[in-house]
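Chemist: This structure is in structure tokens; I'll ask about it shortly.
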Amino acid sequence: GFYYEEGHDDLLFMDQTSVKLIIERLSSPPTPFVLYSLNQFRQNIDKYQNELHKLAPIRGRLSYSMKANYNPRLLTILKSAKAMLTTVSGGEMQLALSAGFEPSSIIYNGNGKTDESIQMAIDSGVLLNVDSLFDLEVILHYARQLNKIANVLIRVNPNLSDSNVHAYNVTASKTSKFGTNIDELEPIYKLIEQNDDKWIRLFGFHCHLGSTISNTQIISGCVKKLIELFNTKRFPHLRILNIGGGLNIDYKRYAKRTKNDDEEHIAIPTIGDYIQSIKDSIESFPHSIELVVEPGRSLIANSCVLITRVLGQKQTGSIRQLIVDASMTECIRPALYQAYHHIDTVNSLSTEERILFDIVGPVCESGDFLGKQRCLPKILKRGDFLAVFDVGAYCSSMSSNYNMRPRPAEYALDEQEQIQILKKRETNEDLLRTYCVA
Ligand code: LLP
């Protein structure tokens, strides 16, 4: 993972290597770029799997939510760890299949699925989440046409949410656009019953309570609500209970270092706490049930940093602006959700006086900032490197080419600590490739 080694002049380290050394070895790399600690990612997977083992005799399964970051290198690691994948589009599903995942280890979820992706899922045997009655009708139509059985879960909406979650990340309120409310399931049940074992098999239920959850009580509440759905005797194949993802990570864990002490700090449950809250509510489960969790953020977020160069400083009224070459096109979370990403130095400036800056990008939007009122060395100047932390989830996968900015390169270190490139930086030609010039 990433840490500051105090004995080492306060340099930022990735695993055993200082980021300063990695930058030197890349010899004046274009910035911004992303650095992956694949070790951190492997540790996060191990942590989940070890905790899930404790649910025995219930089988606990890990399904990585690919939307968080679909870099194919991550899928290789997940495959050797025997994880499942949750996908949300034909593109993600196809990538999962071509990475060699068993179709029965792939879940395809979505409130609006295309004809092509539904056919792909049924044809290959991927597990589909039925989101609504209309979704079920289309799935049945294609099952008949392909003369195959569709394997499905129903995405239910248990009407639970964590009050600390940004409105854009709430997914299970009564009026959410995802899933079907538990008290509105009957038409779906009826239609499945009419076609059960002929065109469709109902394997279980799915829900997702939202993202950046720090309240484990709603997790146990949800598990209890969902298990009641298994009491029905109408469906012989029921065995999967998928409670989605959503666990937050402690984005502010480094904040002490920069003495931003006024930052409010909510305690974030660990992966262990999270699985324990599930364990507490499954005592009475039939042992045949498989419990699936599908985290994205808590598997990958803390495994990446974004390295950016300072372009300059300026004063605008009362605000000291620090302009860097990274922006909302690589990390949109601050602009979109006022999300906190820690930002700090790469090189040793530990004895320097620190002052408050707004850290902003060059993109033509006032919403383009990476951090507000952050304590950083006063002497920062053009060319100095900074790290934006915890960009592994929903940064690369949500990046854009706004202002004709190329998406950044992504690097990791291999077992021998040699630099490995995981993704090339886009060129201007890449950006223009799909335009048709008359
Ligand atoms: N399962 C389902 C059905 C989901 O919709 C999601 C995320 C997950 C699992 C994984 O949730 P996680 O463990 O990563 O919280 N762009 C937002 C997050 C959107 C999450 C969408 N659904 C952000 O940057 O905070």
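Just so we're on the same page: first chain in the structure tokens is A, next is B, and so on; residues restart at 1 for each chain, and ligands are numbered from 1 in the order they show up.
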I want to know what sits within 12 Å of A:Tyr4, based on only C-alpha atoms, with residues of the same chain fewer than 2 positions away left out; could you give that as a short mmCIF file (atom, residue, chain, number, x, y, z; two decimals) with C-alpha atoms, in the first residue's frame?
Modeler:
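Saved the output as selection_11.cif:
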data_model
loop_
_atom_site.label_atom_id
_atom_site.label_comp_id
_atom_site.auth_asym_id
_atom_site.auth_seq_id
_atom_site.Cartn_x
_atom_site.Cartn_y
_atom_site.Cartn_z
CA GLY A 1 0.00 0.00 0.00
CA PHE A 2 0.90 3.69 0.27
CA GLU A 6 9.18 8.72 8.74
CA GLY A 7 12.74 7.44 9.06
CA HIS A 8 13.10 8.00 5.33
CA ASP A 9 12.88 11.75 5.26
CA ASP A 10 9.09 11.51 5.06
CA LEU A 11 8.95 10.26 1.51
CA LEU A 12 5.81 8.68 0.09
CA PHE A 13 6.27 4.94 -0.42
CA MET A 14 4.40 2.41 -2.49
CA ASP A 15 5.08 -0.99 -0.93
CA GLN A 16 8.92 -1.15 -0.71
CA THR A 17 9.73 1.60 -3.20
CA SER A 18 9.58 5.37 -2.81
CA VAL A 19 7.32 7.12 -5.30
CA LYS A 20 10.18 9.59 -5.82
CA TYR A 254 -3.98 10.58 6.28
CA ARG A 257 -0.39 14.38 8.74
CA THR A 258 -1.42 17.63 7.10
CA ASP A 344 -0.08 15.46 -0.09
CA THR A 345 3.54 15.71 -1.19
CA VAL A 346 5.54 12.95 -2.87
CA ASN A 347 8.98 14.30 -1.99
CA SER A 348 10.25 15.25 1.38
CA LEU A 349 9.11 18.73 2.34
CA SER A 350 8.29 17.70 5.86
CA ALA A 387 -0.23 12.59 -4.79
#
Chemist: Could you pull out the residues sitting within 7 Å of ligand 1, using only C-alpha atoms and all ligand atoms, and write them as a PyMOL selection string?
Modeler: chain A and resi 65+68+86+109+169+207-208+210-212+244-248+294-298+333+393-394
Chemist: Could you turn the residues from that selection into a file that holds N, CA and C atoms, as a PDB file, in the first residue's frame?
Modeler:
ATOM      1  N   SER A  65     -17.304  -5.568  -7.975  1.00  0.00           N
ATOM      2  CA  SER A  65     -18.134  -4.686  -8.789  1.00  0.00           C
ATOM      3  C   SER A  65     -17.227  -3.933  -9.773  1.00  0.00           C
ATOM      4  N   ALA A  68     -16.244  -0.050 -10.580  1.00  0.00           N
ATOM      5  CA  ALA A  68     -15.315   0.760  -9.787  1.00  0.00           C
ATOM      6  C   ALA A  68     -14.004   0.977 -10.546  1.00  0.00           C
ATOM      7  N   THR A  86     -19.392  -8.603 -10.749  1.00  0.00           N
ATOM      8  CA  THR A  86     -20.685  -7.972 -11.026  1.00  0.00           C
ATOM      9  C   THR A  86     -20.483  -6.944 -12.124  1.00  0.00           C
ATOM     10  N   ASN A 109     -26.176  -6.831 -13.854  1.00  0.00           N
ATOM     11  CA  ASN A 109     -27.167  -6.031 -13.153  1.00  0.00           C
ATOM     12  C   ASN A 109     -27.454  -4.748 -13.908  1.00  0.00           C
ATOM     13  N   ASN A 169     -25.535   8.835  -4.193  1.00  0.00           N
ATOM     14  CA  ASN A 169     -25.088   7.476  -3.906  1.00  0.00           C
ATOM     15  C   ASN A 169     -26.106   6.673  -3.096  1.00  0.00           C
ATOM     16  N   CYS A 207     -29.782  -6.975  -3.653  1.00  0.00           N
ATOM     17  CA  CYS A 207     -30.079  -5.570  -3.405  1.00  0.00           C
ATOM     18  C   CYS A 207     -28.749  -4.839  -3.232  1.00  0.00           C
ATOM     19  N   HIS A 208     -28.789  -3.545  -3.253  1.00  0.00           N
ATOM     20  CA  HIS A 208     -27.587  -2.732  -3.047  1.00  0.00           C
ATOM     21  C   HIS A 208     -28.052  -1.465  -2.364  1.00  0.00           C
ATOM     22  N   GLY A 210     -26.569   1.305  -1.594  1.00  0.00           N
ATOM     23  CA  GLY A 210     -25.929   2.596  -1.846  1.00  0.00           C
ATOM     24  C   GLY A 210     -24.440   2.460  -1.650  1.00  0.00           C
ATOM     25  N   SER A 211     -23.739   3.552  -1.873  1.00  0.00           N
ATOM     26  CA  SER A 211     -22.280   3.500  -1.823  1.00  0.00           C
ATOM     27  C   SER A 211     -21.762   4.495  -0.795  1.00  0.00           C
ATOM     28  N   THR A 212     -20.570   4.244  -0.276  1.00  0.00           N
ATOM     29  CA  THR A 212     -19.937   4.988   0.843  1.00  0.00           C
ATOM     30  C   THR A 212     -20.715   4.814   2.153  1.00  0.00           C
ATOM     31  N   GLY A 244     -25.185  -6.888  -2.316  1.00  0.00           N
ATOM     32  CA  GLY A 244     -24.582  -5.735  -2.988  1.00  0.00           C
ATOM     33  C   GLY A 244     -23.275  -5.311  -2.342  1.00  0.00           C
ATOM     34  N   GLY A 245     -22.865  -4.090  -2.642  1.00  0.00           N
ATOM     35  CA  GLY A 245     -21.609  -3.570  -2.091  1.00  0.00           C
ATOM     36  C   GLY A 245     -21.909  -2.373  -1.226  1.00  0.00           C
ATOM     37  N   GLY A 246     -20.998  -1.416  -1.215  1.00  0.00           N
ATOM     38  CA  GLY A 246     -21.310  -0.143  -0.575  1.00  0.00           C
ATOM     39  C   GLY A 246     -20.432   0.280   0.570  1.00  0.00           C
ATOM     40  N   LEU A 247     -19.618  -0.638   1.115  1.00  0.00           N
ATOM     41  CA  LEU A 247     -18.795  -0.254   2.267  1.00  0.00           C
ATOM     42  C   LEU A 247     -17.844   0.887   1.908  1.00  0.00           C
ATOM     43  N   ASN A 248     -17.810   1.899   2.743  1.00  0.00           N
ATOM     44  CA  ASN A 248     -16.923   3.051   2.514  1.00  0.00           C
ATOM     45  C   ASN A 248     -15.493   2.709   2.941  1.00  0.00           C
ATOM     46  N   GLU A 294     -20.822  -7.708  -3.036  1.00  0.00           N
ATOM     47  CA  GLU A 294     -20.202  -7.246  -4.275  1.00  0.00           C
ATOM     48  C   GLU A 294     -19.589  -5.862  -4.135  1.00  0.00           C
ATOM     49  N   PRO A 295     -18.508  -5.754  -3.351  1.00  0.00           N
ATOM     50  CA  PRO A 295     -17.854  -4.468  -3.154  1.00  0.00           C
ATOM     51  C   PRO A 295     -17.073  -4.020  -4.386  1.00  0.00           C
ATOM     52  N   GLY A 296     -16.986  -2.729  -4.572  1.00  0.00           N
ATOM     53  CA  GLY A 296     -16.100  -2.157  -5.570  1.00  0.00           C
ATOM     54  C   GLY A 296     -15.057  -1.318  -4.831  1.00  0.00           C
ATOM     55  N   ARG A 297     -15.523  -0.215  -4.270  1.00  0.00           N
ATOM     56  CA  ARG A 297     -14.643   0.746  -3.609  1.00  0.00           C
ATOM     57  C   ARG A 297     -13.717   0.116  -2.572  1.00  0.00           C
ATOM     58  N   SER A 298     -14.270  -0.675  -1.647  1.00  0.00           N
ATOM     59  CA  SER A 298     -13.446  -1.165  -0.542  1.00  0.00           C
ATOM     60  C   SER A 298     -12.453  -2.233  -1.004  1.00  0.00           C
ATOM     61  N   ARG A 333     -14.764  12.881  -8.516  1.00  0.00           N
ATOM     62  CA  ARG A 333     -15.528  12.708  -7.276  1.00  0.00           C
ATOM     63  C   ARG A 333     -15.658  13.974  -6.431  1.00  0.00           C
ATOM     64  N   ALA A 393     -10.986   3.633  -7.075  1.00  0.00           N
ATOM     65  CA  ALA A 393     -12.388   3.360  -7.413  1.00  0.00           C
ATOM     66  C   ALA A 393     -13.062   4.606  -7.961  1.00  0.00           C
ATOM     67  N   TYR A 394     -13.783   4.457  -9.060  1.00  0.00           N
ATOM     68  CA  TYR A 394     -14.614   5.513  -9.630  1.00  0.00           C
ATOM     69  C   TYR A 394     -13.823   6.756 -10.027  1.00  0.00           C
TER      70      TYR A 394
END
Chemist: Residues near stretch 93-101 of chain A, anyone? I mean within 8 Å using only C-alpha atoms, not counting same-chain ones fewer than 3 positions away, as an mmCIF file with C-alpha atoms, in the first residue's frame.
Modeler:
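Below is the file selection28.cif, written as the result:
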data_model
loop_
_atom_site.group_PDB
_atom_site.id
_atom_site.type_symbol
_atom_site.label_atom_id
_atom_site.label_comp_id
_atom_site.auth_asym_id
_atom_site.auth_seq_id
_atom_site.Cartn_x
_atom_site.Cartn_y
_atom_site.Cartn_z
ATOM 1 C CA PRO A 72 -8.133 -5.927 -17.082
ATOM 2 C CA LEU A 75 -9.514 -9.101 -13.406
ATOM 3 C CA THR A 76 -6.556 -11.488 -13.762
ATOM 4 C CA LYS A 79 -9.734 -14.697 -11.338
ATOM 5 C CA MET A 84 -17.027 -13.489 -9.044
ATOM 6 C CA LEU A 85 -17.709 -10.308 -11.036
ATOM 7 C CA THR A 87 -21.135 -6.209 -14.356
ATOM 8 C CA VAL A 88 -23.490 -3.445 -15.453
ATOM 9 C CA SER A 89 -23.225 -3.336 -19.237
ATOM 10 C CA GLY A 90 -22.652 -5.521 -22.263
ATOM 11 C CA SER A 105 -19.564 -16.449 -11.691
ATOM 12 C CA ILE A 106 -20.732 -13.332 -13.524
ATOM 13 C CA TYR A 108 -25.279 -8.782 -14.915
ATOM 14 C CA ALA A 121 -26.258 -12.966 -20.795
#
Chemist: Nearest residue to A:Glu51 out of A:Tyr3, A:Gln276, A:Glu137, A:Asn129, using only C-alpha atoms?
Modeler: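 When distances to A:Glu51 are compared using only C-alpha atoms, the smallest one comes from A:Gln276.
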Chemist: Could you pull the residues within 12 Å of A:Ile219, counting only C-alpha atoms, minus those fewer than 3 positions along the same chain, as a PyMOL selection string?
Modeler: chain A and resi 158-162+172+207-211+213-216+222-226+242-247+269+273-282+293
Chemist: Record the distance separating atom CA of A:Ala267 and atom CA of A:Ile218, expressed in Å with one decimal.
Modeler: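 Computing the Euclidean distance for atom CA of A:Ala267 and atom CA of A:Ile218 yields 15.4 Å.
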Chemist: Could you pull out all residues of stretch 37-251 of chain A with a DSSP call of strand (DSSP E or B) and give them as a PyMOL selection string?
Modeler: chain A and resi 59-65+84-87+106-108+127-130+150-157+180-181+196+200-206+213+240-242+247
Chemist: Could you list, as a PyMOL selection string, every residue within 10 Å of A:Phe389, counting only C-alpha atoms and ignoring same-chain residues fewer than 6 positions away?
Modeler: chain A and resi 2+251-252+254+301-307+340-344
Chemist: Any chance you can output those residues with N, CA and C atoms as a short mmCIF file (atom, residue, chain, number, x, y, z; two decimals), in the first residue's frame?
Modeler:
data_model
loop_
_atom_site.label_atom_id
_atom_site.label_comp_id
_atom_site.auth_asym_id
_atom_site.auth_seq_id
_atom_site.Cartn_x
_atom_site.Cartn_y
_atom_site.Cartn_z
N PHE A 2 0.23 2.38 0.29
CA PHE A 2 0.90 3.69 0.27
C PHE A 2 1.07 4.21 1.69
N TYR A 251 -11.31 7.70 3.77
CA TYR A 251 -10.59 8.61 2.88
C TYR A 251 -9.78 9.66 3.67
N LYS A 252 -10.12 9.85 4.94
CA LYS A 252 -9.44 10.91 5.70
C LYS A 252 -8.35 10.38 6.63
N TYR A 254 -5.27 9.90 6.30
CA TYR A 254 -3.98 10.58 6.28
C TYR A 254 -4.08 12.03 6.77
N ALA A 301 -10.19 1.06 -4.02
CA ALA A 301 -9.94 2.51 -3.87
C ALA A 301 -8.56 2.82 -3.30
N ASN A 302 -8.18 2.14 -2.21
CA ASN A 302 -6.92 2.51 -1.55
C ASN A 302 -5.68 1.94 -2.24
N SER A 303 -5.87 1.30 -3.41
CA SER A 303 -4.73 0.70 -4.11
C SER A 303 -4.11 1.62 -5.17
N CYS A 304 -4.61 2.83 -5.32
CA CYS A 304 -4.07 3.72 -6.36
C CYS A 304 -3.90 5.15 -5.86
N VAL A 305 -2.85 5.79 -6.37
CA VAL A 305 -2.72 7.25 -6.20
C VAL A 305 -2.57 7.88 -7.59
N LEU A 306 -2.98 9.13 -7.66
CA LEU A 306 -2.82 9.90 -8.89
C LEU A 306 -1.66 10.86 -8.66
N ILE A 307 -0.65 10.78 -9.51
CA ILE A 307 0.51 11.67 -9.35
C ILE A 307 0.33 12.86 -10.29
N TYR A 340 -14.07 13.81 -0.49
CA TYR A 340 -12.73 14.12 0.00
C TYR A 340 -11.73 13.10 -0.54
N HIS A 341 -10.68 13.59 -1.20
CA HIS A 341 -9.52 12.77 -1.53
C HIS A 341 -8.32 13.45 -0.90
N HIS A 342 -7.57 12.72 -0.13
CA HIS A 342 -6.42 13.33 0.51
C HIS A 342 -5.37 13.71 -0.55
N ILE A 343 -4.69 14.84 -0.33
CA ILE A 343 -3.67 15.29 -1.27
C ILE A 343 -2.44 15.66 -0.45
N ASP A 344 -1.28 15.13 -0.86
CA ASP A 344 -0.08 15.46 -0.09
C ASP A 344 1.15 15.34 -1.00
#
Chemist: What is the distance between atom CA of A:Thr31 and atom CA of A:Glu410, in Å to one decimal?
Modeler: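 Spanning atom CA of A:Thr31 to atom CA of A:Glu410 is a straight-line distance of 10.6 Å.
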Chemist: Enter the distance from atom CA of A:Leu386 to atom CA of A:Ile45, in Å, rounded to one decimal.
Modeler: 27.8 Å
Chemist: Would you return as a PyMOL selection string the members of stretch 61-194 of chain A that DSSP assigns to alpha helix (DSSP H) on this structure's backbone?
Modeler: chain A and resi 72-80+90-98+115-124+133-146+186-194
Chemist: List the neighbours of stretch 178-186 of chain A out to 9 Å using only C-alpha atoms; skip same-chain residues closer than 3 positions along the sequence, and give me the result as a list in words.
Modeler: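 Counting only the stated atoms, we get Gly110, Asn111, Asn129, Val130, Asp131, Ser132, Leu133, Ile154, Arg155, Val156, Asn157, Pro158, Asn159, Thr171, Ala172, Lys174, Thr175, Tyr189, Lys190, Leu191, His206, Cys207, His208, Leu226 and Leu229 of chain A.
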Chemist: Take the residues just selected and output them with C-alpha atoms as a PDB file, in the first residue's frame.
Modeler:
ATOM      1  CA  GLY A 110     -28.978  -2.958 -14.434  1.00  0.00           C
ATOM      2  CA  ASN A 111     -32.254  -1.072 -14.454  1.00  0.00           C
ATOM      3  CA  ASN A 129     -30.691  -9.421 -12.097  1.00  0.00           C
ATOM      4  CA  VAL A 130     -34.363  -8.846 -12.869  1.00  0.00           C
ATOM      5  CA  ASP A 131     -34.838  -5.186 -12.045  1.00  0.00           C
ATOM      6  CA  SER A 132     -38.529  -4.681 -12.888  1.00  0.00           C
ATOM      7  CA  LEU A 133     -41.535  -6.249 -14.579  1.00  0.00           C
ATOM      8  CA  ILE A 154     -34.528 -10.330  -8.410  1.00  0.00           C
ATOM      9  CA  ARG A 155     -33.152  -6.902  -7.491  1.00  0.00           C
ATOM     10  CA  VAL A 156     -35.301  -5.810  -4.605  1.00  0.00           C
ATOM     11  CA  ASN A 157     -35.413  -2.487  -2.911  1.00  0.00           C
ATOM     12  CA  PRO A 158     -35.614  -2.859   0.877  1.00  0.00           C
ATOM     13  CA  ASN A 159     -36.079   0.874   1.511  1.00  0.00           C
ATOM     14  CA  THR A 171     -29.914   3.521  -4.246  1.00  0.00           C
ATOM     15  CA  ALA A 172     -32.464   1.848  -1.996  1.00  0.00           C
ATOM     16  CA  LYS A 174     -38.662   3.895  -1.730  1.00  0.00           C
ATOM     17  CA  THR A 175     -38.568   5.998  -4.907  1.00  0.00           C
ATOM     18  CA  TYR A 189     -43.323 -13.591  -8.868  1.00  0.00           C
ATOM     19  CA  LYS A 190     -46.403 -14.560 -10.902  1.00  0.00           C
ATOM     20  CA  LEU A 191     -44.657 -14.229 -14.226  1.00  0.00           C
ATOM     21  CA  HIS A 206     -30.149  -9.048  -4.839  1.00  0.00           C
ATOM     22  CA  CYS A 207     -30.079  -5.570  -3.405  1.00  0.00           C
ATOM     23  CA  HIS A 208     -27.587  -2.732  -3.047  1.00  0.00           C
ATOM     24  CA  LEU A 226     -34.053 -10.315   2.512  1.00  0.00           C
ATOM     25  CA  LEU A 229     -38.113 -13.552   1.057  1.00  0.00           C
TER      26      LEU A 229
END
